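Everything below belongs to protein_4.cif, which stores mmCIF, C-alpha atoms.
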data_input
#
loop_
_atom_site.label_atom_id
_atom_site.label_comp_id
_atom_site.auth_asym_id
_atom_site.auth_seq_id
_atom_site.Cartn_x
_atom_site.Cartn_y
_atom_site.Cartn_z
CA MET A 283 20.02 -18.48 -48.08
CA ASP A 284 22.56 -19.13 -45.35
CA ASP A 285 21.57 -21.19 -42.27
CA ILE A 286 21.72 -18.02 -40.16
CA GLU A 287 19.43 -16.14 -42.55
CA SER A 288 16.96 -19.03 -42.63
CA LEU A 289 16.88 -19.19 -38.86
CA ALA A 290 16.51 -15.41 -38.56
CA LEU A 291 13.53 -15.53 -40.92
CA LEU A 292 11.78 -18.09 -38.74
CA LEU A 293 12.57 -16.23 -35.54
CA ARG A 294 11.27 -12.88 -36.78
CA SER A 295 8.15 -14.05 -38.59
CA PRO A 296 5.29 -16.01 -37.00
CA GLN A 297 3.81 -16.19 -40.51
CA ALA A 298 6.93 -17.99 -41.79
CA ARG A 299 6.79 -20.43 -38.86
CA ALA A 300 3.12 -21.13 -39.51
CA MET A 301 3.86 -21.64 -43.21
CA LEU A 302 6.68 -24.09 -42.38
CA ALA A 303 4.32 -26.08 -40.15
CA LYS A 304 1.81 -26.39 -43.03
CA SER A 305 4.05 -26.67 -46.09
CA SER A 306 7.80 -26.38 -46.50
CA GLU A 307 7.28 -26.04 -50.28
CA ALA A 308 5.17 -22.92 -49.75
CA LEU A 309 7.85 -21.47 -47.48
CA GLN A 310 10.54 -22.29 -50.03
CA ASP A 311 8.58 -20.63 -52.84
CA LYS A 312 7.62 -17.50 -50.91
CA TYR A 313 11.13 -16.74 -49.64
CA GLY A 314 13.19 -18.16 -52.50
CA MET A 315 14.98 -20.63 -50.24
CA ASP A 316 17.25 -23.21 -51.83
CA ASP A 317 17.12 -26.92 -51.04
CA SER A 318 19.91 -26.83 -48.48
CA SER A 319 18.17 -24.01 -46.58
CA ILE A 320 14.91 -25.95 -46.47
CA GLU A 321 16.80 -29.06 -45.40
CA PHE A 322 18.32 -27.03 -42.57
CA VAL A 323 15.02 -25.57 -41.31
CA LEU A 324 13.34 -28.98 -41.51
CA SER A 325 16.13 -30.39 -39.31
CA LEU A 326 15.14 -27.98 -36.53
CA ASP A 327 12.68 -28.82 -33.78
CA GLN A 328 9.65 -26.60 -34.46
CA GLU A 329 8.73 -26.34 -30.79
CA GLN A 330 12.26 -25.17 -29.98
CA ILE A 331 12.04 -22.50 -32.70
CA GLU A 332 8.77 -21.23 -31.18
CA GLU A 333 10.39 -21.14 -27.74
CA GLN A 334 13.41 -19.23 -29.07
CA ALA A 335 11.11 -16.77 -30.86
CA GLU A 336 9.07 -16.34 -27.67
CA SER A 337 12.22 -15.72 -25.64
CA LEU A 338 13.23 -12.93 -28.05
CA LEU A 339 9.88 -11.24 -27.49
CA ARG A 340 10.23 -11.68 -23.74
CA LYS A 341 13.66 -10.03 -23.84
CA ARG A 342 12.31 -7.14 -25.91
CA LEU A 343 9.57 -6.63 -23.35
CA PHE A 344 12.15 -6.73 -20.56
CA GLU A 345 14.01 -3.83 -22.18
CA ILE A 346 10.80 -1.84 -22.68
CA ARG A 347 10.14 -1.99 -18.93
CA PHE A 348 13.03 0.43 -18.37
CA TYR A 349 11.21 3.00 -20.54
CA ALA A 350 7.65 2.37 -19.37
CA PRO A 351 7.63 0.69 -15.96
CA SER A 352 4.38 2.26 -14.79
CA THR A 353 2.48 1.49 -17.98
CA LEU A 354 3.64 -2.12 -18.06
CA ALA A 355 2.89 -2.61 -14.38
CA SER A 356 -0.68 -1.46 -15.00
CA LEU A 357 -1.14 -3.99 -17.82
CA GLY A 358 -0.34 -6.98 -15.62
CA ASP A 359 -0.87 -10.43 -17.13
CA GLN A 360 -2.04 -9.15 -20.50
CA THR A 361 1.28 -7.41 -21.26
CA MET A 362 2.84 -10.16 -23.41
CA HIS A 363 -0.40 -10.77 -25.32
CA LEU A 364 -0.72 -7.05 -26.12
CA PHE A 365 2.97 -6.81 -27.05
CA LYS A 366 2.72 -9.75 -29.45
CA SER A 367 -0.11 -8.02 -31.30
CA THR A 368 2.16 -5.04 -32.11
CA VAL A 369 5.34 -6.76 -33.15
CA SER A 370 4.53 -9.57 -35.58
CA GLU A 371 6.81 -8.01 -38.23
CA TYR A 372 8.20 -4.94 -36.43
CA TRP A 373 11.87 -5.24 -35.50
CA PRO A 374 13.51 -1.86 -34.91
CA ALA A 375 17.24 -1.72 -35.49
CA GLY A 376 20.21 0.18 -34.15
CA GLY A 377 21.26 1.54 -30.80
CA ARG A 378 17.84 3.07 -30.11
CA ARG A 379 15.82 -0.05 -30.90
CA HIS A 380 14.58 -0.59 -27.34
CA MET A 381 13.34 3.00 -27.21
CA LEU A 382 11.67 2.62 -30.62
CA ASP A 383 10.11 -0.64 -29.45
CA ALA A 384 8.75 1.12 -26.37
CA LYS A 385 7.39 3.99 -28.52
CA GLN A 386 5.67 1.57 -30.93
CA PHE A 387 4.17 -0.43 -28.09
CA LEU A 388 2.87 2.53 -26.09
CA GLU A 389 1.37 4.13 -29.21
CA HIS A 390 -0.35 0.83 -29.96
CA LEU A 391 -1.73 0.77 -26.42
CA VAL A 392 -3.11 4.29 -26.90
CA ASP A 393 -4.77 3.20 -30.15
CA CYS A 394 -6.32 0.22 -28.34
CA GLY A 395 -7.67 2.41 -25.57
CA GLN A 396 -5.43 0.78 -22.98
CA SER A 397 -4.19 2.64 -19.91
CA VAL A 398 -0.89 4.43 -20.61
CA ASP A 399 1.22 6.64 -18.37
CA TYR A 400 1.52 9.57 -20.78
CA ARG A 401 4.58 10.88 -18.96
CA GLU A 402 6.42 7.76 -20.10
CA LEU A 403 5.28 8.16 -23.69
CA ASN A 404 6.24 11.84 -23.63
CA ARG A 405 9.72 11.03 -22.31
CA ILE A 406 10.21 8.45 -25.05
CA ASN A 407 9.05 10.89 -27.74
CA PHE A 408 11.30 13.60 -26.29
CA GLN A 409 14.33 11.32 -26.53
CA CYS A 410 13.40 10.09 -30.01
CA GLU A 411 12.98 13.66 -31.27
CA LYS A 412 16.35 14.64 -29.71
CA LYS A 413 14.89 17.90 -28.44
CA ARG A 414 16.53 20.13 -25.88
CA PHE A 415 13.23 21.26 -24.35
CA GLY A 416 9.66 20.01 -24.71
CA VAL A 417 6.22 20.83 -23.37
CA TYR A 418 3.53 18.17 -23.58
CA LEU A 419 -0.12 18.07 -22.59
CA LEU A 420 -1.22 15.42 -20.13
CA ARG A 421 -4.81 14.66 -20.97
CA ARG A 422 -5.82 11.39 -19.43
CA GLY A 423 -4.82 9.16 -16.57
CA PHE A 424 -2.36 11.07 -14.47
CA CYS A 425 -4.18 14.39 -14.12
CA HIS A 426 -7.89 14.13 -13.49
CA GLY A 427 -8.46 17.09 -15.78
CA SER A 428 -5.44 18.08 -17.81
CA GLY A 429 -1.85 18.93 -17.13
CA LEU A 430 1.46 20.10 -18.53
CA HIS A 431 4.54 17.90 -18.74
CA ILE A 432 7.83 19.75 -19.22
CA ILE A 433 11.02 17.91 -20.18
CA TRP A 434 14.48 19.36 -20.69
CA ARG A 435 17.84 17.92 -21.59
CA ILE A 436 20.70 17.76 -19.10
CA LYS A 437 24.23 16.45 -19.42
CA SER A 438 23.41 12.96 -18.13
CA GLY A 439 20.05 12.62 -19.93
CA TYR A 440 16.92 14.62 -19.17
CA GLN A 441 14.81 15.93 -16.31
CA ASP A 442 11.11 16.57 -16.17
CA CYS A 443 8.28 17.95 -14.08
CA TRP A 444 4.53 18.08 -14.47
CA TYR A 445 1.68 20.29 -13.32
CA CYS A 446 -2.00 19.51 -13.13
CA LEU A 447 -3.79 22.52 -14.64
CA ARG A 448 -7.30 21.70 -13.62
CA ASN A 449 -8.85 19.07 -11.35
CA LYS A 450 -12.39 17.92 -12.06
CA MET B 105 47.42 -15.92 -10.62
CA THR B 106 44.57 -15.28 -8.16
CA MET B 107 41.17 -15.06 -9.83
CA LEU B 108 39.65 -11.58 -9.83
CA CYS B 109 36.06 -11.33 -8.55
CA GLY B 110 33.83 -8.58 -9.87
CA VAL B 111 30.52 -7.39 -11.23
CA GLY B 112 29.01 -6.21 -14.46
CA TYR B 113 28.73 -2.43 -14.27
CA ARG B 114 25.14 -1.18 -14.46
CA ARG B 115 24.11 2.48 -14.04
CA PRO B 116 21.60 1.86 -11.21
CA MET B 117 24.54 0.55 -9.17
CA HIS B 118 26.93 3.39 -10.04
CA GLN B 119 26.97 4.93 -6.60
CA TRP B 120 27.92 1.66 -4.96
CA ILE B 121 30.48 0.68 -7.61
CA SER B 122 32.16 4.09 -7.71
CA SER B 123 32.61 3.95 -3.93
CA GLN B 124 35.15 1.17 -4.71
CA PRO B 125 33.75 -1.52 -2.43
CA ALA B 126 36.35 -3.91 -1.07
CA GLU B 127 34.47 -6.93 -2.45
CA VAL B 128 34.93 -5.82 -6.09
CA ASP B 129 38.28 -6.56 -7.79
CA CYS B 130 37.23 -5.84 -11.36
CA LEU B 131 34.41 -4.54 -13.54
CA GLU B 132 32.91 -5.59 -16.82
CA LEU B 133 31.42 -2.81 -18.94
CA THR B 134 28.82 -3.48 -21.61
CA ALA B 135 30.12 -1.62 -24.64
CA GLU B 136 26.70 -0.68 -26.07
CA HIS B 137 25.79 1.17 -22.87
CA PHE B 138 28.53 3.68 -23.71
CA PHE B 139 28.00 4.13 -27.45
CA ASP B 140 27.50 7.64 -28.85
CA GLY B 141 29.39 9.13 -25.91
CA GLN B 142 26.79 8.00 -23.39
CA GLY B 143 27.86 7.57 -19.80
CA GLU B 144 31.04 9.66 -20.00
CA GLU B 145 30.43 10.97 -16.48
CA GLN B 146 30.17 7.42 -15.16
CA LEU B 147 33.28 6.31 -17.04
CA GLU B 148 35.23 9.23 -15.62
CA ALA B 149 34.53 7.85 -12.14
CA ILE B 150 35.50 4.24 -12.82
CA VAL B 151 38.15 4.08 -15.57
CA GLY B 152 41.56 3.63 -14.04
CA THR B 153 40.25 2.50 -10.64
CA LEU B 154 40.01 -1.27 -11.29
CA PRO B 155 40.86 -3.82 -13.99
CA LEU B 156 38.17 -3.54 -16.65
CA PHE B 157 36.79 -5.83 -19.32
CA VAL B 158 34.61 -4.64 -22.22
CA HIS B 159 31.76 -6.93 -23.21
CA GLY B 160 29.86 -6.53 -26.47
CA LEU B 161 26.30 -7.52 -27.26
CA GLY B 162 25.75 -6.42 -30.82
CA LEU B 163 28.77 -7.22 -33.02
CA SER B 164 26.98 -10.39 -34.11
CA LEU B 165 29.99 -12.49 -35.03
CA GLY B 166 27.73 -15.23 -36.42
CA THR B 167 26.19 -13.00 -39.09
CA PRO B 168 27.17 -13.75 -42.71
CA GLY B 169 29.28 -10.97 -44.14
CA PRO B 170 31.67 -8.53 -42.51
CA LEU B 171 31.40 -7.00 -39.06
CA ASP B 172 29.24 -3.89 -39.16
CA PRO B 173 31.74 -1.02 -39.50
CA ALA B 174 29.67 1.51 -37.55
CA THR B 175 29.17 -0.85 -34.59
CA LEU B 176 32.83 -1.86 -34.70
CA LYS B 177 33.93 1.78 -34.63
CA GLN B 178 31.70 2.52 -31.64
CA PHE B 179 32.97 -0.60 -29.88
CA LYS B 180 36.59 0.43 -30.40
CA ALA B 181 35.89 3.93 -29.09
CA VAL B 182 34.72 2.37 -25.80
CA VAL B 183 37.74 0.06 -25.75
CA ASP B 184 40.12 2.97 -26.32
CA ARG B 185 38.41 4.93 -23.53
CA CYS B 186 38.54 2.07 -21.02
CA ASP B 187 41.78 0.22 -21.88
CA PRO B 188 40.40 -3.16 -20.80
CA ARG B 189 42.46 -6.32 -20.27
CA TRP B 190 40.40 -8.04 -22.94
CA VAL B 191 37.18 -7.68 -24.89
CA SER B 192 34.42 -10.24 -25.23
CA GLU B 193 31.45 -11.10 -27.41
CA HIS B 194 29.31 -14.16 -28.06
CA VAL B 195 29.19 -17.31 -30.13
CA ALA B 196 25.91 -16.12 -31.58
CA PHE B 197 24.19 -13.83 -34.04
CA THR B 198 21.82 -10.96 -33.35
CA ARG B 199 21.07 -9.78 -36.88
CA THR B 200 21.20 -10.40 -40.59
CA ASN B 201 20.86 -8.02 -43.54
CA GLU B 202 17.08 -8.47 -43.28
CA VAL B 203 16.44 -8.07 -39.57
CA ASP B 204 17.97 -6.97 -36.27
CA LEU B 205 16.65 -9.47 -33.74
CA GLY B 206 18.25 -7.43 -30.97
CA HIS B 207 19.23 -10.41 -28.84
CA LEU B 208 21.52 -13.40 -29.01
CA ASN B 209 20.64 -16.48 -31.05
CA PRO B 210 22.57 -19.71 -31.56
CA VAL B 211 24.55 -20.65 -34.63
CA SER B 212 24.57 -24.11 -36.19
CA LEU B 213 27.61 -26.27 -35.40
CA THR B 214 29.25 -26.24 -38.83
CA GLN B 215 32.74 -25.78 -40.20
CA ARG B 216 31.52 -22.68 -42.03
CA ASN B 217 30.47 -21.07 -38.72
CA ILE B 218 33.76 -22.05 -37.08
CA GLN B 219 35.61 -20.24 -39.84
CA ARG B 220 33.20 -17.30 -39.87
CA ILE B 221 33.32 -16.66 -36.12
CA GLY B 222 37.02 -17.45 -35.90
CA GLU B 223 37.86 -14.95 -38.64
CA LYS B 224 35.77 -12.23 -37.00
CA SER B 225 37.37 -12.93 -33.63
CA ARG B 226 40.81 -12.35 -35.17
CA GLN B 227 39.54 -9.23 -36.92
CA LEU B 228 38.12 -7.87 -33.66
CA ALA B 229 41.37 -8.58 -31.78
CA ASN B 230 43.47 -6.87 -34.45
CA TYR B 231 41.17 -3.86 -34.70
CA CYS B 232 40.91 -3.30 -30.94
CA GLY B 233 44.43 -4.37 -30.08
CA LYS B 234 43.08 -6.58 -27.29
CA PRO B 235 42.63 -10.33 -26.70
CA VAL B 236 39.14 -11.63 -27.45
CA LEU B 237 36.98 -13.95 -25.39
CA LEU B 238 33.79 -15.52 -26.70
CA GLU B 239 30.82 -16.44 -24.51
CA ASN B 240 28.44 -19.42 -24.68
CA ILE B 241 24.76 -18.43 -24.71
CA THR B 242 21.46 -19.89 -23.56
CA SER B 243 19.27 -21.22 -26.31
CA SER B 244 15.97 -23.02 -26.72
CA LEU B 245 17.41 -24.54 -29.91
CA ARG B 246 19.79 -27.49 -30.08
CA PHE B 247 21.50 -28.36 -33.33
CA GLY B 248 22.66 -31.63 -34.73
CA GLY B 249 25.71 -31.52 -36.98
CA ASN B 250 29.28 -32.53 -37.48
CA PHE B 251 30.46 -31.29 -34.10
CA SER B 252 29.38 -31.39 -30.50
CA GLU B 253 28.98 -27.98 -28.91
CA THR B 254 32.23 -28.33 -26.97
CA GLU B 255 34.19 -29.44 -30.05
CA PHE B 256 32.70 -26.47 -31.88
CA LEU B 257 33.81 -24.02 -29.17
CA ASN B 258 37.31 -25.52 -28.96
CA LYS B 259 37.70 -25.26 -32.74
CA ILE B 260 36.52 -21.64 -32.70
CA CYS B 261 39.18 -20.86 -30.10
CA GLU B 262 41.81 -22.45 -32.32
CA GLU B 263 40.58 -20.80 -35.53
CA GLY B 264 39.98 -17.45 -33.86
CA GLU B 265 43.08 -17.33 -31.65
CA CYS B 266 40.74 -16.48 -28.81
CA ARG B 267 39.56 -17.99 -25.54
CA LEU B 268 36.24 -18.51 -23.81
CA LEU B 269 34.13 -16.49 -21.46
CA LEU B 270 32.31 -19.43 -19.89
CA ASP B 271 28.90 -18.40 -18.63
CA VAL B 272 28.32 -20.91 -15.83
CA THR B 273 24.65 -19.94 -15.52
CA ASN B 274 24.02 -20.32 -19.25
CA LEU B 275 25.67 -23.75 -19.18
CA TYR B 276 23.53 -24.81 -16.22
CA ILE B 277 20.30 -23.46 -17.77
CA ASN B 278 20.95 -25.24 -21.07
CA SER B 279 21.81 -28.48 -19.24
CA GLN B 280 18.51 -28.41 -17.36
CA ASN B 281 16.34 -27.38 -20.32
CA HIS B 282 18.00 -29.85 -22.70
CA ASN B 283 18.74 -32.63 -20.23
CA PHE B 284 22.49 -33.09 -20.41
CA ASP B 285 25.24 -33.30 -17.80
CA PRO B 286 26.97 -29.90 -17.39
CA LEU B 287 30.09 -31.51 -15.94
CA GLU B 288 30.44 -33.80 -18.94
CA TRP B 289 30.01 -30.72 -21.16
CA LEU B 290 32.62 -28.83 -19.13
CA HIS B 291 35.17 -31.63 -19.47
CA GLY B 292 34.73 -31.49 -23.24
CA ILE B 293 36.18 -27.95 -23.22
CA ASP B 294 39.95 -27.58 -23.35
CA PRO B 295 40.67 -26.06 -19.89
CA ARG B 296 43.30 -23.76 -21.39
CA ASN B 297 40.50 -22.06 -23.34
CA ILE B 298 38.60 -20.79 -20.28
CA ALA B 299 39.74 -17.28 -19.25
CA GLN B 300 36.73 -15.65 -17.61
CA LEU B 301 33.38 -16.65 -16.11
CA HIS B 302 29.96 -15.13 -15.84
CA ILE B 303 27.60 -16.21 -13.10
CA VAL B 304 24.25 -14.98 -11.76
CA GLY B 305 21.11 -16.59 -10.34
CA TYR B 306 18.58 -18.13 -12.70
CA LEU B 307 14.78 -18.03 -12.68
CA GLN B 308 12.55 -21.07 -12.94
CA ARG B 309 9.11 -20.68 -14.46
CA GLY B 310 6.68 -23.10 -16.08
CA GLY B 311 9.13 -25.97 -15.93
CA LYS B 312 11.83 -23.97 -17.76
CA TRP B 313 15.04 -22.43 -16.51
CA ILE B 314 15.40 -18.82 -17.66
CA ASP B 315 18.40 -16.46 -17.83
CA SER B 316 16.69 -13.58 -16.05
CA HIS B 317 19.93 -12.18 -14.54
CA SER B 318 17.82 -11.12 -11.57
CA LYS B 319 18.52 -13.49 -8.68
CA PRO B 320 21.24 -14.31 -6.20
CA ILE B 321 23.34 -17.33 -7.07
CA GLN B 322 21.81 -20.68 -6.22
CA GLN B 323 23.78 -23.55 -4.65
CA GLU B 324 23.80 -25.73 -7.77
CA LEU B 325 25.47 -22.87 -9.66
CA TRP B 326 28.11 -22.58 -6.95
CA ASP B 327 28.73 -26.33 -7.24
CA LEU B 328 29.29 -26.00 -11.00
CA PHE B 329 31.39 -22.87 -10.48
CA ALA B 330 33.60 -24.74 -8.01
CA GLU B 331 34.20 -27.49 -10.55
CA VAL B 332 35.03 -24.98 -13.29
CA ILE B 333 37.69 -23.23 -11.20
CA ARG B 334 39.12 -26.61 -10.16
CA TYR B 335 39.25 -27.68 -13.82
CA SER B 336 40.75 -24.55 -15.37
CA ASN B 337 42.93 -21.58 -14.49
CA VAL B 338 40.22 -18.91 -14.62
CA GLU B 339 41.50 -15.34 -14.42
CA ALA B 340 38.31 -13.50 -13.54
CA ALA B 341 34.67 -14.10 -12.64
CA ILE B 342 31.90 -11.54 -13.05
CA ILE B 343 28.45 -11.51 -11.45
CA GLU B 344 26.18 -10.41 -14.27
CA ARG B 345 23.11 -8.86 -12.65
CA ASP B 346 20.64 -6.99 -14.90
CA ALA B 347 17.51 -6.53 -12.81
CA ARG B 348 15.99 -6.08 -9.36
CA PHE B 349 18.58 -3.51 -8.44
CA ASP B 350 16.75 -2.57 -5.25
CA THR B 351 18.00 -5.74 -3.61
CA ALA B 352 21.01 -6.28 -5.88
CA ARG B 353 23.66 -4.61 -3.77
CA GLN B 354 23.25 -6.74 -0.63
CA GLU B 355 22.80 -9.91 -2.67
CA MET B 356 25.85 -9.20 -4.81
CA VAL B 357 28.02 -8.45 -1.78
CA ARG B 358 26.97 -11.81 -0.31
CA ASP B 359 27.66 -13.54 -3.61
CA LEU B 360 31.05 -11.84 -4.01
CA LYS B 361 32.06 -12.95 -0.51
CA ALA B 362 30.96 -16.50 -1.32
CA MET B 363 32.92 -16.35 -4.59
CA ARG B 364 36.01 -15.16 -2.80
CA LYS B 365 35.81 -18.12 -0.39
CA PHE B 366 36.14 -20.47 -3.37
CA VAL B 367 39.25 -18.64 -4.46
CA VAL B 368 40.81 -18.70 -0.99
CA ASP B 369 39.81 -22.28 -0.24
CA GLY B 370 41.02 -23.41 -3.67
#

Written form, structure tokens:
Amino acid sequence: MDDIESLALLLRSPQARAMLAKSSEALQDKYGMDDSSIEFVLSLDQEQIEEQAESLLRKRLFEIRFYAPSTLASLGDQTMHLFKSTVSEYWPAGGRRHMLDAKQFLEHLVDCGQSVDYRELNRINFQCEKKRFGVYLLRRGFCHGSGLHIIWRIKSGYQDCWYCLRNK
Amino acid sequence: MTMLCGVGYRRPMHQWISSQPAEVDCLELTAEHFFDGQGEEQLEAIVGTLPLFVHGLGLSLGTPGPLDPATLKQFKAVVDRCDPRWVSEHVAFTRTNEVDLGHLNPVSLTQRNIQRIGEKSRQLANYCGKPVLLENITSSLRFGGNFSETEFLNKICEEGECRLLLDVTNLYINSQNHNFDPLEWLHGIDPRNIAQLHIVGYLQRGGKWIDSHSKPIQQELWDLFAEVIRYSNVEAAIIERDARFDTARQEMVRDLKAMRKFVVDG
């Protein structure tokens, strides 16, 4: 395993970092690392690795804010804690990774019963599905009863509007 | 040659940038923001109006193995569209075969990485038909090894036939977080290697300095900037703002005017 691959393993996996802290032999066995790779990872400051890994998560969260500003604003101080619980081994790839990250995170928040701006989740799903036109129900949060969220593609991206169908 | 003063193009600032403000001499475009034909309308308004530079985030020159062909092709499409003076990337890796970490991470200071990054720099220059600059990054990690960081960067420039995009803010942040003298670091770099600068205000939180790209430029950054432009013949400097766009325009105009004073005052 190259130095870069060893470092990437530690940065992406809190389990690998925890294993290294307990036993480098266990890490070596689990991931098939050769002696020079283990020597390299043992030369690194473990606290610095944790900080670098944390900064990667912080940067991912920063990018997600562009897709879900209202949802993240409503989460406040618990945002990073909730994000960490979704991403321990999830690292989307490619040009749409920030959007996929946002989708994963918002869906996790829904599953946890956290407050989500469904318009933001609908917009993300619309872009992921590469639709030209979409109609989504708004059930909780924004409309007191229920509502319709309509999204359509335009040259520079998309536009949307929403209607509350019934107020309770 | 008088140093050009400019900004990193970001869509929330399109209206201001496309009005061709007098304070802006040049623009740096982030290649990935224009992949898959995105932003063609915006490019139409700005290509050909000012000197441009194209800056990559995801070519991952530090990754073992070849440059990703799909990313390289997309990058070149943006370069061909924009005809920049040069292209830039980072002394870093963002991914391996196993994982795309999505953001920049440091590489160890080894001969193997000098050769790896140098070879990819040459490959990128040949493929795009443009000179390549490589940027220093912030990192929580510091490596031991056969080379100091400045020796490592100088050797990459030699191996890669490239020059440096010196991020003044990243240098300052690393110097504060890792307790070293940024001027001593600067004087370890061959001044002929420094072609372009990045600068933007930092954030301080919990005793750490953070590259938030969200603040106006603080005085200690200007002091370091002044020393860099005294030390080397920098051709362009870009303010690299990524957040808080509501206040960005006024702050960037102030910062550009301050930057220009350094150039005029020498």

Nearby residues, (28.3, -9.8, -14.8) file frame, 6 Å, all atoms listed in the file, as a PDB file with C-alpha atoms, keeping the file's coordinate frame:
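Output contents, as saved in out29.pdb:
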ATOM      1  CA  VAL B 111      30.520  -7.390 -11.230  1.00  0.00           C
ATOM      2  CA  GLY B 112      29.010  -6.210 -14.460  1.00  0.00           C
ATOM      3  CA  HIS B 302      29.960 -15.130 -15.840  1.00  0.00           C
ATOM      4  CA  ILE B 342      31.900 -11.540 -13.050  1.00  0.00           C
ATOM      5  CA  ILE B 343      28.450 -11.510 -11.450  1.00  0.00           C
ATOM      6  CA  GLU B 344      26.180 -10.410 -14.270  1.00  0.00           C
ATOM      7  CA  ARG B 345      23.110  -8.860 -12.650  1.00  0.00           C
TER       8      ARG B 345
END

Each residue of stretch 321-372 of chain A lying at most 10 Å from stretch 391-411 of chain A should get a row with its shortest atom-to-atom pair and the distance in Å to one decimal, counting all atoms listed in the file; could you produce that, ordered by chain and increasing number, as a Markdown table?
| residue | atom | partner | partner_atom | distance |
| --- | --- | --- | --- | --- |
| A:Tyr349 | CA | A:Glu402 | CA | 6.8 |
| A:Ala350 | CA | A:Glu402 | CA | 5.6 |
| A:Pro351 | CA | A:Glu402 | CA | 8.3 |
| A:Ser352 | CA | A:Asp399 | CA | 6.5 |
| A:Thr353 | CA | A:Val398 | CA | 5.2 |
| A:Leu354 | CA | A:Val398 | CA | 8.4 |
| A:Ser356 | CA | A:Ser397 | CA | 7.3 |
| A:Leu357 | CA | A:Ser397 | CA | 7.6 |
| A:Leu364 | CA | A:Leu391 | CA | 7.9 |
| A:Phe365 | CA | A:Leu391 | CA | 8.9 |
| A:Thr368 | CA | A:Leu391 | CA | 9.0 |

I'd like the contact shell of stretch 435-445 of chain A - 12 Å cut-off, only C-alpha atoms, skipping same-chain residues fewer than 6 positions apart - returned as a PyMOL selection string.
(chain A and resi 400-402+404-406+408-409+411-421+424-429) or (chain B and resi 115+138+141-147)

The PyMOL selection byres ((chain A and resi 324) around 12) applied to the shown file, residues as a ChimeraX atom specification
/A:285,288-289,292,299,302-307,309-310,317-323,325-329,331 /B:247-248

Excluding B:Leu257 and any residue of its chain fewer than 6 positions from it, enumerate the residues within 9 Å of it, using only C-alpha atoms, and give them as an MDAnalysis selection string.
chainID B and resid 195 218 238 240 268 293

If the PyMOL selection byres ((chain B) within 7 of (chain A)) is run on the structure shown, which residues does it catch, given as a PDB file with C-alpha atoms, in the coordinates of the input?
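Written file, result-v6.pdb:
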ATOM      1  CA  THR B 167      26.190 -13.000 -39.090  1.00  0.00           C
ATOM      2  CA  THR B 200      21.200 -10.400 -40.590  1.00  0.00           C
ATOM      3  CA  VAL B 203      16.440  -8.070 -39.570  1.00  0.00           C
ATOM      4  CA  ASP B 204      17.970  -6.970 -36.270  1.00  0.00           C
ATOM      5  CA  LEU B 205      16.650  -9.470 -33.740  1.00  0.00           C
ATOM      6  CA  HIS B 207      19.230 -10.410 -28.840  1.00  0.00           C
ATOM      7  CA  VAL B 211      24.550 -20.650 -34.630  1.00  0.00           C
ATOM      8  CA  SER B 243      19.270 -21.220 -26.310  1.00  0.00           C
ATOM      9  CA  SER B 244      15.970 -23.020 -26.720  1.00  0.00           C
ATOM     10  CA  LEU B 245      17.410 -24.540 -29.910  1.00  0.00           C
TER      11      LEU B 245
END

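Neighbouring residues of B:Ala196 at 10 Å or closer, counting only C-alpha atoms and skipping chain neighbours under 2 positions away, are Ile286 of chain A; Leu161, Gly162, Leu163, Ser164, Leu165, Gly166, Thr167, Glu193, His194, Thr198, Arg199, His207, Leu208, Asn209, Pro210, Val211, Ser212, Asn217, Ile221, Leu238, Glu239, Asn240, Ile241, Thr242 and Ser243 of chain B.
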
With the file shown as input, list the residues that the PyMOL selection byres ((chain B and resi 128) around 12) selects, as number ranges by chain.
B: 107-113, 120-127, 129-132, 153-156, 340-343, 353, 356-361, 363-364

Please provide as a count of residues only all residues within 10 Å of B:Leu176, with the sequence filter that same-chain residues fewer than 3 positions apart are discarded (counting only C-alpha atoms).
12

Report as a JSON list (two decimals) with C-alpha atoms, in the frame of the given file all protein, DNA and RNA residues lying within 10 Å of B:Trp326, evaluated on all atoms listed in the file, omitting residues in the same chain fewer than 6 positions from it.
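Output file around06.json is given in full below:
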[["chain", "number", "residue", "atom", "x", "y", "z"],
["B", 272, "VAL", "CA", 28.32, -20.91, -15.83],
["B", 273, "THR", "CA", 24.65, -19.94, -15.52],
["B", 303, "ILE", "CA", 27.60, -16.21, -13.10],
["B", 304, "VAL", "CA", 24.25, -14.98, -11.76],
["B", 305, "GLY", "CA", 21.11, -16.59, -10.34],
["B", 332, "VAL", "CA", 35.03, -24.98, -13.29],
["B", 359, "ASP", "CA", 27.66, -13.54, -3.61],
["B", 362, "ALA", "CA", 30.96, -16.50, -1.32],
["B", 363, "MET", "CA", 32.92, -16.35, -4.59],
["B", 366, "PHE", "CA", 36.14, -20.47, -3.37]]
